[in-house]
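The block underneath contains the structure these notes are about, expressed in structure tokens.
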Amino acid sequence: MLKVAILDDYQNVSQEFVNLKNLSGKYEFKIFSEPFLDEADAIERLSDFEALLIMRERTPITKNLINNLNDLKFIITSGMRNKSINLETAKKRRIIVSGTEININPTAELTWALILGLARNVKEEIDNMYQGYWQTSIGFELKGKILGLIGLGRVGSQVAKIGKAFGMQVMVWSENLNLEKCEELDVLPCNKDDILQNSDFISIHVQGGERYKELIKLKELDMMKKTAFLINTSRGSIINEDDLIIALSTNVIAGAGLDVYEKEPLPEGNKLRFLPNALLLPHIGYVTAENYSIFYTQMIENLEACVNGKPIRVIE
């Protein structure tokens, strides 16, 4: 039987979306619900698996990991893009890499949960309600405020539409900004400095990778309004985390709403966890029942197709 590892099933819910027992005659599944301690731990525990079913942006599938898994034949990821996989090494090893469809609206929706949570002091008020207090802060309205978007792709475009619906002014920047898309959405194309200096909220919606690595450092944070908020539901590496901690600790900016981090899961002792002006979520942008249903169903479809010699949804 083909040995299949299901990685990073943090909530231990994969079997709620696919019936693995029906496939037990063909495959031997093992579910890993906890992150690996490090790469050496991953290599040791995955050494005899032939297929990996993985969640994007969780366990890094590095060159070293791939080269140390001698039996590996298939890597199947959620989504059709996963920068955590070393595709060049997989190709050299003739390992088939395939992906799944993904709904992008949950990330846009979660972005607005963070924006609204910061604007109305939701974390503080919820905590105080459970402690017996009543109305301890004053929030502010979004109408008339400036929303600065870094990136206007599929998620950024949805966030822009909702910002317009709230009556916000929307400014956008990226290195490859589509001016026709800006006109279509009635948003103002700007340079990066304009976004940083003028926005009340800055929300990041560009891809990870070297192009945007540490795009936001202390220099950029110093350019923002002291009353401004920074939102990141994209990739943790886009913001220099140490610089953000300094900026939040010294009130260089008013606050931040984060769903992604440089190291995930976020270590228990990370200073972000102890800052009152940081609204933190555990990378749940794509974590919905609808997406998980797509992910796990199509992962099994991909696995069956690979085993039958007719791979589908192949990532080159």
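Ordering of the structure tokens sets the chain letters (A, B, ...), residue numbers begin anew at 1 in every chain, and ligands are numbered from 1 in the order given.
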
Task: Residue contacts of region 182-194 of chain A (9 Å, only C-alpha atoms) excluding same-chain residues fewer than 4 positions away, as a PyMOL selection string - done: chain A and resi 148+150+152+157+160-161+164+169-174+177-178+198-199+220+223

TODO: Write out as a PyMOL selection string which residues come within 12 Å of Ser293 (chain A) when counting only C-alpha atoms, dropping same-chain ones fewer than 5 positions away.
DONE: chain A and resi 13-19+78+100-103+286-288+298-300

Task: Of the listed residues A:Ser249, A:Asn68, A:Thr77, A:Asn12, that which approaches Asp41 (chain A) most closely, counting only C-alpha atoms - done: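 With only C-alpha atoms as the atom set, the closest residue is A:Asn68.
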
Open item on the list: I'd like the contact shell of Ala90 (chain A) - 9 Å cut-off, only C-alpha atoms, skipping same-chain residues fewer than 3 positions apart - returned as a VMD selection string.
Closed with: chain A and resid 63 66 to 67 75 85 to 87 93 to 97

Emit the selected residues as an mmCIF file, in the first residue's frame, including C-alpha atoms.
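What follows is the written file selection.cif:
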data_model
loop_
_atom_site.group_PDB
_atom_site.id
_atom_site.type_symbol
_atom_site.label_atom_id
_atom_site.label_comp_id
_atom_site.auth_asym_id
_atom_site.auth_seq_id
_atom_site.Cartn_x
_atom_site.Cartn_y
_atom_site.Cartn_z
ATOM 1 C CA LYS A 63 15.476 21.100 -1.020
ATOM 2 C CA ILE A 66 12.951 16.501 -0.475
ATOM 3 C CA ASN A 67 16.438 15.077 -1.052
ATOM 4 C CA ILE A 75 3.512 16.243 -3.128
ATOM 5 C CA ILE A 85 7.752 23.914 -1.842
ATOM 6 C CA ASN A 86 11.122 23.797 -3.606
ATOM 7 C CA LEU A 87 9.698 23.014 -7.029
ATOM 8 C CA ARG A 93 13.704 14.183 -8.424
ATOM 9 C CA ARG A 94 10.757 13.639 -10.817
ATOM 10 C CA ILE A 95 8.325 14.121 -7.948
ATOM 11 C CA ILE A 96 4.886 15.191 -9.135
ATOM 12 C CA VAL A 97 3.572 18.331 -7.404
#

TODO: Could you check which of A:Leu52, A:Leu69, A:Ile315, A:Leu275 is closest to Ile246 (chain A), using only C-alpha atoms?
DONE: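 The shortest atom-to-atom distance to Ile246 (chain A) comes from A:Leu275.
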
TODO: Rank nothing, just name the residue among A:Glu290, A:Asn105, A:Ala247, A:Phe229 nearest to Lys217 (chain A), using only C-alpha atoms.
DONE: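 Looking only at the distances to Lys217 (chain A), the closest residue turns out to be A:Ala247.
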
Task: Residues near region 111-116 of chain A, cut-off 9 Å, only C-alpha atoms, skip fewer than 2 positions along chain, as a list in words - done: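 So, after excluding close chain neighbours, the residues are Pro106, Thr107, Ala108, Glu109, Leu118, Ala119, Arg120, Asn121, Val122, Leu142, Val159, Ile162, Gly163, Phe201, Ser203, Phe229, Leu230, Ile231, Asn232, Thr233, Ala256, Gly257, Leu258, Asp259, Leu279, Leu280, Leu281 and Gly285 of chain A.
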
Would you mind exporting C-alpha atoms of the selected residues as a PDB file, in the first residue's frame?
ATOM      1  CA  PRO A 106     -12.372  34.158   3.190  1.00  0.00           C
ATOM      2  CA  THR A 107      -9.080  36.073   3.383  1.00  0.00           C
ATOM      3  CA  ALA A 108     -10.731  39.290   2.221  1.00  0.00           C
ATOM      4  CA  GLU A 109     -13.501  38.761   4.770  1.00  0.00           C
ATOM      5  CA  LEU A 118      -9.167  47.591  15.514  1.00  0.00           C
ATOM      6  CA  ALA A 119     -11.495  50.481  14.684  1.00  0.00           C
ATOM      7  CA  ARG A 120     -13.984  49.507  17.402  1.00  0.00           C
ATOM      8  CA  ASN A 121     -11.528  48.161  20.022  1.00  0.00           C
ATOM      9  CA  VAL A 122     -13.245  44.778  19.880  1.00  0.00           C
ATOM     10  CA  LEU A 142     -14.526  53.984   8.743  1.00  0.00           C
ATOM     11  CA  VAL A 159     -10.911  44.367   0.022  1.00  0.00           C
ATOM     12  CA  ILE A 162     -15.675  46.562   0.552  1.00  0.00           C
ATOM     13  CA  GLY A 163     -13.700  49.664   1.499  1.00  0.00           C
ATOM     14  CA  PHE A 201      -5.327  51.690   7.480  1.00  0.00           C
ATOM     15  CA  SER A 203      -3.573  46.375   4.318  1.00  0.00           C
ATOM     16  CA  PHE A 229      -3.101  50.698  11.661  1.00  0.00           C
ATOM     17  CA  LEU A 230      -1.234  48.026   9.697  1.00  0.00           C
ATOM     18  CA  ILE A 231      -3.046  44.862   8.545  1.00  0.00           C
ATOM     19  CA  ASN A 232      -1.340  41.732   7.228  1.00  0.00           C
ATOM     20  CA  THR A 233      -3.269  38.686   6.021  1.00  0.00           C
ATOM     21  CA  ALA A 256      -1.677  46.169  13.908  1.00  0.00           C
ATOM     22  CA  GLY A 257      -3.988  43.340  12.884  1.00  0.00           C
ATOM     23  CA  LEU A 258      -2.086  40.198  11.946  1.00  0.00           C
ATOM     24  CA  ASP A 259      -3.038  36.749  10.683  1.00  0.00           C
ATOM     25  CA  LEU A 279      -4.910  42.120  17.273  1.00  0.00           C
ATOM     26  CA  LEU A 280      -3.679  38.617  16.489  1.00  0.00           C
ATOM     27  CA  LEU A 281      -5.256  35.636  14.710  1.00  0.00           C
ATOM     28  CA  GLY A 285      -7.462  33.479   6.471  1.00  0.00           C
TER      29      GLY A 285
END

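When only C-alpha atoms are used to measure the gap to Leu2 (chain A), the shortest distance among A:Phe49, A:Asp38, A:Leu147, A:Glu180 belongs to A:Phe49.
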